[in-house]
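*Asks:* My structure is in upload_23.txt, and what it holds is compact mmCIF, C-alpha atoms:
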```
# COMPACT_ATOMS: atom_id res chain seq x y z
CA MET D 1 44.41 -73.26 -50.08
CA ARG D 2 44.61 -73.16 -46.31
CA SER D 3 46.89 -70.04 -46.35
CA LEU D 4 44.46 -68.25 -48.66
CA GLN D 5 41.62 -68.88 -46.22
CA VAL D 6 43.66 -67.31 -43.37
CA ILE D 7 44.29 -64.18 -45.46
CA ALA D 8 40.61 -63.91 -46.31
CA VAL D 9 39.63 -64.12 -42.63
CA SER D 10 42.21 -61.44 -41.71
CA ILE D 11 40.84 -59.08 -44.35
CA ALA D 12 37.28 -59.65 -43.17
CA LEU D 13 38.18 -58.84 -39.55
CA ALA D 14 40.25 -55.73 -40.38
CA PRO D 15 37.33 -53.21 -40.15
CA LEU D 16 36.55 -54.44 -36.63
CA VAL D 17 39.83 -53.06 -35.21
CA GLN D 18 39.70 -49.59 -36.78
CA ALA D 19 39.90 -46.65 -34.38
CA ALA D 20 36.76 -44.71 -33.54
CA PRO D 21 36.03 -41.62 -35.69
CA GLN D 22 36.54 -38.11 -34.40
CA PRO D 23 33.74 -36.43 -32.38
CA GLU D 24 31.11 -34.74 -34.56
CA SER D 25 31.51 -31.50 -32.59
CA LEU D 26 35.24 -31.27 -33.44
CA VAL D 27 34.61 -31.95 -37.15
CA ARG D 28 31.78 -29.40 -37.22
CA ASP D 29 33.83 -26.69 -35.45
CA LEU D 30 36.89 -27.19 -37.70
CA ARG D 31 34.79 -27.06 -40.89
CA ALA D 32 33.23 -23.82 -39.64
CA MET D 33 36.67 -22.43 -38.74
CA TYR D 34 38.27 -23.52 -42.05
CA PRO D 35 35.63 -23.32 -44.85
CA GLU D 36 36.78 -24.93 -48.11
CA THR D 37 37.38 -23.04 -51.38
CA GLU D 38 35.55 -24.46 -54.42
CA LEU D 39 37.27 -24.13 -57.85
CA ASP D 40 36.00 -24.76 -61.39
CA ASN D 41 36.83 -27.95 -63.31
CA ALA D 42 40.05 -26.41 -64.62
CA GLY D 43 41.16 -25.65 -61.06
CA LEU D 44 41.89 -21.99 -61.85
CA ARG D 45 38.80 -19.88 -61.09
CA VAL D 46 37.10 -19.63 -57.69
CA VAL D 47 33.47 -20.71 -57.77
CA LYS D 48 32.87 -20.44 -54.01
CA PRO D 49 35.32 -18.42 -51.84
CA GLY D 50 36.69 -20.11 -48.74
CA THR D 51 39.79 -20.04 -46.55
CA VAL D 52 43.06 -18.45 -47.75
CA LEU D 53 46.09 -19.62 -45.74
CA VAL D 54 49.70 -18.45 -45.46
CA VAL D 55 52.52 -21.04 -45.32
CA GLN D 56 54.55 -20.68 -42.09
CA ALA D 57 56.92 -23.67 -42.19
CA ASN D 58 59.69 -24.76 -44.54
CA GLY D 59 59.33 -28.16 -46.20
CA VAL D 60 55.80 -28.13 -47.65
CA MET D 61 56.29 -29.93 -50.98
CA ALA D 62 53.79 -29.63 -53.85
CA ASN D 63 53.15 -31.10 -57.31
CA PRO D 64 51.85 -29.37 -60.44
CA LEU D 65 48.07 -29.19 -60.73
CA LYS D 66 47.77 -32.11 -63.19
CA SER D 67 50.06 -34.42 -61.18
CA GLY D 68 47.93 -34.60 -58.04
CA PRO D 69 48.87 -33.22 -54.60
CA PHE D 70 52.19 -34.09 -52.96
CA THR D 71 51.53 -35.76 -49.57
CA ASN D 72 53.42 -34.26 -46.60
CA THR D 73 53.21 -35.72 -43.07
CA PHE D 74 53.53 -33.32 -40.11
CA ALA D 75 54.00 -34.94 -36.68
CA GLY D 76 55.66 -33.86 -33.45
CA GLY D 77 56.21 -30.30 -34.69
CA GLN D 78 58.12 -31.24 -37.86
CA PHE D 79 57.70 -32.84 -41.28
CA VAL D 80 58.29 -36.59 -41.55
CA ARG D 81 59.82 -37.65 -44.85
CA THR D 82 57.59 -40.01 -46.85
CA GLU D 83 59.21 -42.96 -48.65
CA THR D 84 58.84 -42.63 -52.44
CA ARG D 85 57.41 -45.36 -54.68
CA SER D 86 60.82 -46.14 -56.18
CA GLU D 87 62.38 -46.40 -52.69
CA LYS D 88 59.67 -48.85 -51.61
CA ALA D 89 60.27 -50.94 -54.75
CA ALA D 90 64.04 -50.92 -54.15
CA ARG D 91 63.54 -52.49 -50.72
CA PHE D 92 62.01 -55.51 -52.50
CA GLY D 93 64.72 -55.63 -55.19
CA ILE D 94 62.55 -54.06 -57.91
CA ASN D 95 64.22 -51.56 -60.21
CA VAL D 96 61.84 -48.70 -61.07
CA PRO D 97 62.95 -46.22 -63.78
CA GLN D 98 63.58 -42.80 -62.25
CA LYS D 99 61.33 -40.04 -63.52
CA ARG D 100 62.18 -36.38 -63.63
CA PRO D 101 61.03 -34.85 -60.32
CA VAL D 102 58.12 -32.43 -60.72
CA ASP D 103 57.62 -31.51 -57.06
CA ARG D 104 58.88 -28.31 -55.51
CA PRO D 105 58.68 -26.63 -52.05
CA ILE D 106 56.14 -23.91 -51.34
CA ALA D 107 57.96 -20.87 -49.98
CA THR D 108 57.13 -19.56 -46.53
CA GLY D 109 54.84 -16.54 -46.75
CA ALA D 110 53.12 -17.87 -49.89
CA LYS D 111 49.32 -17.89 -49.94
CA VAL D 112 47.26 -20.98 -50.75
CA TYR D 113 43.59 -21.90 -51.12
CA LEU D 114 42.26 -24.57 -48.75
CA LEU D 115 40.46 -26.98 -51.11
CA LYS D 116 39.66 -30.00 -48.96
CA THR D 117 39.68 -31.11 -45.31
CA GLU D 118 39.65 -34.83 -44.49
CA PHE D 119 39.29 -36.45 -41.07
CA SER D 120 40.48 -39.82 -39.78
CA SER D 121 40.84 -41.28 -36.30
CA ASP D 122 44.24 -39.72 -35.52
CA ALA D 123 44.88 -37.28 -38.40
CA ILE D 124 43.48 -34.22 -40.16
CA ASP D 125 44.42 -33.66 -43.84
CA PHE D 126 44.53 -30.27 -45.58
CA THR D 127 44.69 -30.19 -49.41
CA VAL D 128 45.84 -26.75 -50.62
CA GLN D 129 46.67 -25.04 -53.94
CA THR D 130 48.98 -22.10 -54.58
CA CYS D 131 47.09 -19.08 -55.82
CA GLY D 132 49.49 -16.16 -56.39
CA ASP D 133 47.45 -13.03 -55.62
CA CYS D 134 44.64 -15.20 -54.23
CA ASP D 135 41.95 -12.83 -55.46
CA PRO D 136 38.76 -14.94 -55.84
CA LYS D 137 37.36 -12.48 -58.40
CA THR D 138 40.15 -12.94 -60.98
CA VAL D 139 42.64 -15.54 -62.26
CA ASP D 140 46.34 -14.77 -61.74
CA PRO D 141 47.92 -15.47 -65.19
CA GLY D 142 51.43 -15.49 -63.71
CA ASN D 143 50.73 -18.24 -61.18
CA GLU D 144 51.38 -21.89 -62.04
CA PRO D 145 49.13 -23.79 -59.60
CA TYR D 146 50.75 -26.43 -57.40
CA ARG D 147 48.91 -28.68 -54.96
CA ALA D 148 49.95 -30.24 -51.66
CA LYS D 149 48.33 -32.38 -48.99
CA VAL D 150 49.51 -31.92 -45.39
CA VAL D 151 48.60 -34.78 -43.04
CA PHE D 152 48.60 -33.52 -39.43
CA LYS D 153 49.27 -36.62 -37.30
CA PHE D 154 48.17 -36.61 -33.65
CA VAL D 155 48.83 -38.94 -30.72
CA ARG D 156 46.47 -41.90 -30.85
CA GLY D 157 43.18 -41.03 -29.11
CA ALA D 158 44.08 -37.34 -28.61
CA LEU D 159 41.53 -35.99 -31.09
CA ALA D 160 38.71 -37.63 -29.14
CA GLU D 161 39.67 -35.60 -26.03
CA THR D 162 40.53 -32.15 -27.48
CA ASP D 163 38.73 -29.25 -29.17
CA ALA D 164 39.11 -27.12 -32.31
CA LYS D 165 41.07 -24.40 -30.47
CA HIS D 166 43.92 -26.79 -29.56
CA VAL D 167 43.90 -28.42 -33.01
CA ARG D 168 44.25 -24.95 -34.56
CA GLN D 169 47.45 -24.40 -32.51
CA THR D 170 49.01 -27.41 -34.25
CA ILE D 171 47.76 -26.37 -37.71
CA GLU D 172 49.16 -22.86 -37.24
CA GLN D 173 52.68 -24.29 -37.03
CA VAL D 174 52.28 -24.84 -40.81
CA PHE D 175 49.37 -22.62 -41.95
CA THR D 176 47.92 -19.38 -40.57
CA PHE D 177 44.96 -17.37 -41.83
CA ALA D 178 45.68 -14.73 -44.46
CA ASN D 179 42.71 -12.82 -43.01
CA PRO D 180 42.04 -14.10 -39.46
CA PRO D 181 38.32 -14.59 -38.72
CA VAL D 182 36.81 -12.00 -36.38
CA GLU D 183 35.58 -13.61 -33.19
CA THR D 184 32.47 -11.73 -32.11
CA ALA D 185 31.19 -11.80 -28.54
CA PRO D 186 27.56 -12.82 -27.94
CA PRO D 187 25.18 -9.83 -27.74
CA LEU D 188 24.43 -8.54 -24.27
CA PRO D 189 20.82 -8.68 -23.05
CA PRO D 190 18.93 -5.36 -23.29
CA VAL D 191 19.17 -3.16 -20.23
CA GLN D 192 15.75 -2.40 -18.75
CA ALA D 193 15.19 1.05 -17.28
CA PRO D 194 14.19 1.06 -13.59
CA PRO D 195 10.51 1.93 -12.91
CA PRO D 196 9.82 5.56 -11.97
CA PRO D 197 9.50 6.25 -8.23
CA PRO D 198 5.93 6.58 -6.87
CA VAL D 199 4.52 10.12 -6.57
CA GLN D 200 4.12 11.12 -2.92
CA ALA D 201 1.86 13.86 -1.59
CA PRO D 202 3.72 16.91 -0.16
CA ALA D 203 4.23 16.77 3.62
CA PRO D 204 2.42 19.43 5.73
CA PRO D 205 4.61 22.34 6.95
CA GLN D 206 6.32 21.68 10.28
CA PRO D 207 6.96 24.33 12.92
CA GLN D 208 10.48 25.69 12.64
CA PRO D 209 12.68 25.44 15.76
CA GLU D 210 14.42 28.51 17.14
CA GLN D 211 17.52 29.30 15.16
CA PHE D 212 20.91 29.61 16.84
CA ALA D 213 24.20 30.67 15.35
CA PRO D 214 26.12 27.58 14.27
CA ILE D 215 29.27 26.65 16.13
CA THR D 216 32.19 26.62 13.72
CA ALA D 217 34.48 23.62 14.17
CA PRO D 218 38.17 23.97 13.39
CA ALA D 219 39.08 23.12 9.84
CA PRO D 220 40.26 19.52 9.55
CA ALA D 221 43.85 18.87 8.62
CA PRO D 222 44.38 18.06 4.95
CA PRO D 223 44.46 14.31 4.33
CA VAL D 224 47.84 12.70 3.86
CA PRO D 225 48.01 11.23 0.36
CA ALA D 226 48.36 7.47 0.41
CA THR D 227 51.48 6.03 -1.11
CA PRO D 228 50.43 4.00 -4.15
CA LEU D 229 51.45 0.36 -4.08
CA PRO D 230 53.79 -0.74 -6.86
CA ALA D 231 51.93 -2.42 -9.70
CA GLU D 232 52.44 -6.15 -9.94
CA PRO D 233 54.25 -7.18 -13.13
CA ALA D 234 52.16 -8.93 -15.76
CA PRO D 235 52.64 -12.73 -15.78
CA LYS D 236 55.07 -14.02 -18.38
CA VAL D 237 53.42 -16.14 -21.07
CA LEU D 238 55.11 -19.05 -22.87
CA LYS D 239 53.12 -20.68 -25.68
CA LEU D 240 53.53 -22.77 -28.83
CA GLY D 241 54.72 -20.94 -31.93
CA MET D 242 56.76 -18.25 -30.09
CA THR D 243 60.13 -17.39 -31.66
CA THR D 244 63.49 -17.59 -29.89
CA LYS D 245 63.56 -13.77 -29.66
CA GLN D 246 60.12 -13.64 -28.02
CA VAL D 247 61.21 -16.24 -25.45
CA LYS D 248 64.44 -14.35 -24.67
CA ASP D 249 62.55 -11.04 -24.37
CA SER D 250 60.21 -12.61 -21.77
CA PHE D 251 62.53 -14.96 -19.85
CA GLY D 252 66.00 -13.65 -20.58
CA GLU D 253 69.03 -15.57 -21.76
CA PRO D 254 68.91 -19.33 -21.06
CA ALA D 255 71.45 -21.00 -18.80
CA SER D 256 72.52 -23.17 -21.74
CA ILE D 257 71.55 -23.89 -25.36
CA VAL D 258 71.48 -27.31 -27.06
CA ASP D 259 71.72 -26.85 -30.84
CA LEU D 260 70.58 -29.91 -32.88
CA GLY D 261 70.18 -28.21 -36.23
CA SER D 262 66.49 -27.67 -36.94
CA LYS D 263 65.82 -28.50 -33.26
CA VAL D 264 67.16 -26.18 -30.53
CA ILE D 265 66.64 -26.53 -26.74
CA TYR D 266 66.87 -23.56 -24.30
CA VAL D 267 67.61 -24.73 -20.75
CA TYR D 268 66.39 -22.41 -17.96
CA LYS D 269 66.48 -22.88 -14.20
CA ASP D 270 62.88 -24.17 -14.05
CA LYS D 271 62.11 -25.39 -17.58
CA LYS D 272 63.34 -26.58 -20.97
CA VAL D 273 61.97 -24.94 -24.12
CA THR D 274 62.23 -26.86 -27.42
CA PHE D 275 62.24 -24.99 -30.74
CA VAL D 276 61.65 -26.58 -34.16
CA ASN D 277 62.49 -24.37 -37.13
CA GLY D 278 62.84 -21.39 -34.77
CA LYS D 279 59.43 -21.74 -33.06
CA VAL D 280 58.37 -23.25 -29.73
CA SER D 281 57.10 -26.82 -30.17
CA ASP D 282 57.37 -28.23 -26.60
CA VAL D 283 57.94 -27.05 -22.99
CA ASP D 284 59.21 -29.26 -20.16
CA VAL D 285 58.64 -27.65 -16.74
CA LYS D 286 60.92 -28.95 -13.98
```
Mind converting the file's structure to structure tokens?

*Replies:*
Amino acid sequence: MRSLQVIAVSIALAPLVQAAPQPESLVRDLRAMYPETELDNAGLRVVKPGTVLVVQANGVMANPLKSGPFTNTFAGGQFVRTETRSEKAARFGINVPQKRPVDRPIATGAKVYLLKTEFSSDAIDFTVQTCGDCDPKTVDPGNEPYRAKVVFKFVRGALAETDAKHVRQTIEQVFTFANPPVETAPPLPPVQAPPPPPVQAPAPPQPQPEQFAPITAPAPAPPVPATPLPAEPAPKVLKLGMTTKQVKDSFGEPASIVDLGSKVIYVYKDKKVTFVNGKVSDVDVK
């Protein structure tokens, strides 16, 4: 009885140690940036159009529509494998009959509907569904819908200190917009015409001085054209998501390359550039 009381107290105190929710401004900006698509009860026809995304990374696993979404965890620029139910049971010596796998990977370049966005203290979840042609006006009869949930994990407390623009950089390692939203600049204030100058009365005629022939000065020498200064080269930009080719085009061949399979490191004189699946995921400046 005493051990049961300790468990009950632990459960009662658990909500008191939960992390603080994300800022309302970040949630509001991300929902505006990524509006959700609403489908009918069958999950086939679009009722309310929303965001259409394109898969950029290998390893997004999905389940058939009736099996529920497959949960993928994305952290540190790569997917983290999730332990299956049978693997968890095996750790406790429980034998669970193996079922025929129904999940499959979503190919890179495939389009998906964004159905749901969920927020927690240190993660943002996207639930998506494959859509074939992704035309909200019609149903693609050749597409078998599959669903996936991608959990974007962030460093603890980072979401409370960042904004939607930086969160989007992480999301775009897995999903980009099929049709990027157009960012419009705020309208300029109307330009007011200057007031007309005041009307002045004509000045009375003045007596004209005696006219003399003008003295002609020698023609000035033609100006020597100035030698234009050489244009300064544009600064080189290194950002997340760049490919190995883009980095080489900007910074040249690295001094050395560390190949770890899906993770590759380019070592330059003043920095180290880390690639995951062929795209920049981290930069270490010396």

*Asks:* Considering all atoms listed in the file, return as an mmCIF file with C-alpha atoms, keeping the file's coordinate frame whatever protein or nucleic-acid residues lie within 10 Å of stretch 69-82 of chain D, sequence-local ones (same chain, fewer than 2 positions apart) excluded.

*Replies:*
```cif
data_model
loop_
_atom_site.group_PDB
_atom_site.id
_atom_site.type_symbol
_atom_site.label_atom_id
_atom_site.label_comp_id
_atom_site.auth_asym_id
_atom_site.auth_seq_id
_atom_site.Cartn_x
_atom_site.Cartn_y
_atom_site.Cartn_z
ATOM 1 C CA ALA D 57 56.920 -23.670 -42.190
ATOM 2 C CA ASN D 58 59.690 -24.760 -44.540
ATOM 3 C CA GLY D 59 59.330 -28.160 -46.200
ATOM 4 C CA VAL D 60 55.800 -28.130 -47.650
ATOM 5 C CA MET D 61 56.290 -29.930 -50.980
ATOM 6 C CA ALA D 62 53.790 -29.630 -53.850
ATOM 7 C CA ASN D 63 53.150 -31.100 -57.310
ATOM 8 C CA PRO D 64 51.850 -29.370 -60.440
ATOM 9 C CA LEU D 65 48.070 -29.190 -60.730
ATOM 10 C CA LYS D 66 47.770 -32.110 -63.190
ATOM 11 C CA SER D 67 50.060 -34.420 -61.180
ATOM 12 C CA THR D 84 58.840 -42.630 -52.440
ATOM 13 C CA ARG D 85 57.410 -45.360 -54.680
ATOM 14 C CA GLU D 87 62.380 -46.400 -52.690
ATOM 15 C CA VAL D 102 58.120 -32.430 -60.720
ATOM 16 C CA ASP D 103 57.620 -31.510 -57.060
ATOM 17 C CA ARG D 104 58.880 -28.310 -55.510
ATOM 18 C CA PRO D 105 58.680 -26.630 -52.050
ATOM 19 C CA ALA D 123 44.880 -37.280 -38.400
ATOM 20 C CA ASP D 125 44.420 -33.660 -43.840
ATOM 21 C CA PHE D 126 44.530 -30.270 -45.580
ATOM 22 C CA THR D 127 44.690 -30.190 -49.410
ATOM 23 C CA VAL D 128 45.840 -26.750 -50.620
ATOM 24 C CA GLN D 129 46.670 -25.040 -53.940
ATOM 25 C CA TYR D 146 50.750 -26.430 -57.400
ATOM 26 C CA ARG D 147 48.910 -28.680 -54.960
ATOM 27 C CA ALA D 148 49.950 -30.240 -51.660
ATOM 28 C CA LYS D 149 48.330 -32.380 -48.990
ATOM 29 C CA VAL D 150 49.510 -31.920 -45.390
ATOM 30 C CA VAL D 151 48.600 -34.780 -43.040
ATOM 31 C CA PHE D 152 48.600 -33.520 -39.430
ATOM 32 C CA LYS D 153 49.270 -36.620 -37.300
ATOM 33 C CA PHE D 154 48.170 -36.610 -33.650
ATOM 34 C CA VAL D 155 48.830 -38.940 -30.720
ATOM 35 C CA THR D 170 49.010 -27.410 -34.250
ATOM 36 C CA ILE D 171 47.760 -26.370 -37.710
ATOM 37 C CA GLN D 173 52.680 -24.290 -37.030
ATOM 38 C CA VAL D 174 52.280 -24.840 -40.810
ATOM 39 C CA LEU D 240 53.530 -22.770 -28.830
ATOM 40 C CA GLY D 241 54.720 -20.940 -31.930
ATOM 41 C CA SER D 262 66.490 -27.670 -36.940
ATOM 42 C CA LYS D 263 65.820 -28.500 -33.260
ATOM 43 C CA PHE D 275 62.240 -24.990 -30.740
ATOM 44 C CA VAL D 276 61.650 -26.580 -34.160
ATOM 45 C CA ASN D 277 62.490 -24.370 -37.130
ATOM 46 C CA LYS D 279 59.430 -21.740 -33.060
ATOM 47 C CA VAL D 280 58.370 -23.250 -29.730
ATOM 48 C CA SER D 281 57.100 -26.820 -30.170
ATOM 49 C CA ASP D 282 57.370 -28.230 -26.600
#
```

*Asks:* Hey, what's within 10 Å of D:Tyr266 if we count all atoms listed in the file and toss same-chain stuff fewer than 4 positions away? As a list in words, please?

*Replies:*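 These residues fall inside the cut-off: Thr244, Val247, Lys248, Glu253, Pro254, Ala255, Ser256, Ile257, Val258, Asp259, Lys271, Lys272, Val273, Thr274, Phe275 and Val283 of chain D.
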
*Asks:* Skipping near chain neighbours, those fewer than 3 positions away, what residues fall within 10 Å of D:Ala158 using all atoms listed in the file, listed as a PDB file with C-alpha atoms, keeping the file's coordinate frame?

*Replies:*
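Here's the written file result.pdb:
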```
ATOM      1  CA  GLN D  22      36.540 -38.110 -34.400  1.00  0.00           C
ATOM      2  CA  SER D 121      40.840 -41.280 -36.300  1.00  0.00           C
ATOM      3  CA  ASP D 122      44.240 -39.720 -35.520  1.00  0.00           C
ATOM      4  CA  ALA D 123      44.880 -37.280 -38.400  1.00  0.00           C
ATOM      5  CA  PHE D 154      48.170 -36.610 -33.650  1.00  0.00           C
ATOM      6  CA  VAL D 155      48.830 -38.940 -30.720  1.00  0.00           C
ATOM      7  CA  GLU D 161      39.670 -35.600 -26.030  1.00  0.00           C
ATOM      8  CA  THR D 162      40.530 -32.150 -27.480  1.00  0.00           C
ATOM      9  CA  ASP D 163      38.730 -29.250 -29.170  1.00  0.00           C
ATOM     10  CA  VAL D 167      43.900 -28.420 -33.010  1.00  0.00           C
TER      11      VAL D 167
END
```

*Asks:* If you measure from atom CA of D:Phe119 to atom CA of D:Phe177, what distance in Å do you get, rounded to one decimal?

*Replies:*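 Value for the atom CA of D:Phe119-atom CA of D:Phe177 distance: 19.9 Å.
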
*Asks:* What lies within 10 Å of D:Val52 using only C-alpha atoms, ignoring chain neighbours under 4 positions off, as an MDAnalysis selection string?

*Replies:* chainID D and resid 34:37 111:115 128:131 134:136 175:180

*Asks:* What is the distance between atom CA of D:Glu24 and atom CA of D:Glu38, in Å to one decimal?

*Replies:*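 Pair atom CA of D:Glu24 / atom CA of D:Glu38 returns 22.8 Å.
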
*Asks:* Select, from D:Gln200, D:Gln192, D:Thr138, D:Ser25, the residue with the minimum atom-to-atom distance to D:Arg45, counting all atoms listed in the file.

*Replies:*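 Checking each of D:Gln200, D:Gln192, D:Thr138, D:Ser25 against D:Arg45, counting all atoms listed in the file, the winner is D:Thr138.
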
*Asks:* Between atom CA of D:Ala160 and atom CA of D:Lys239, what is the distance, to one decimal in Å?

*Replies:*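 Calculated distance between atom CA of D:Ala160 and atom CA of D:Lys239 is 22.5 Å.
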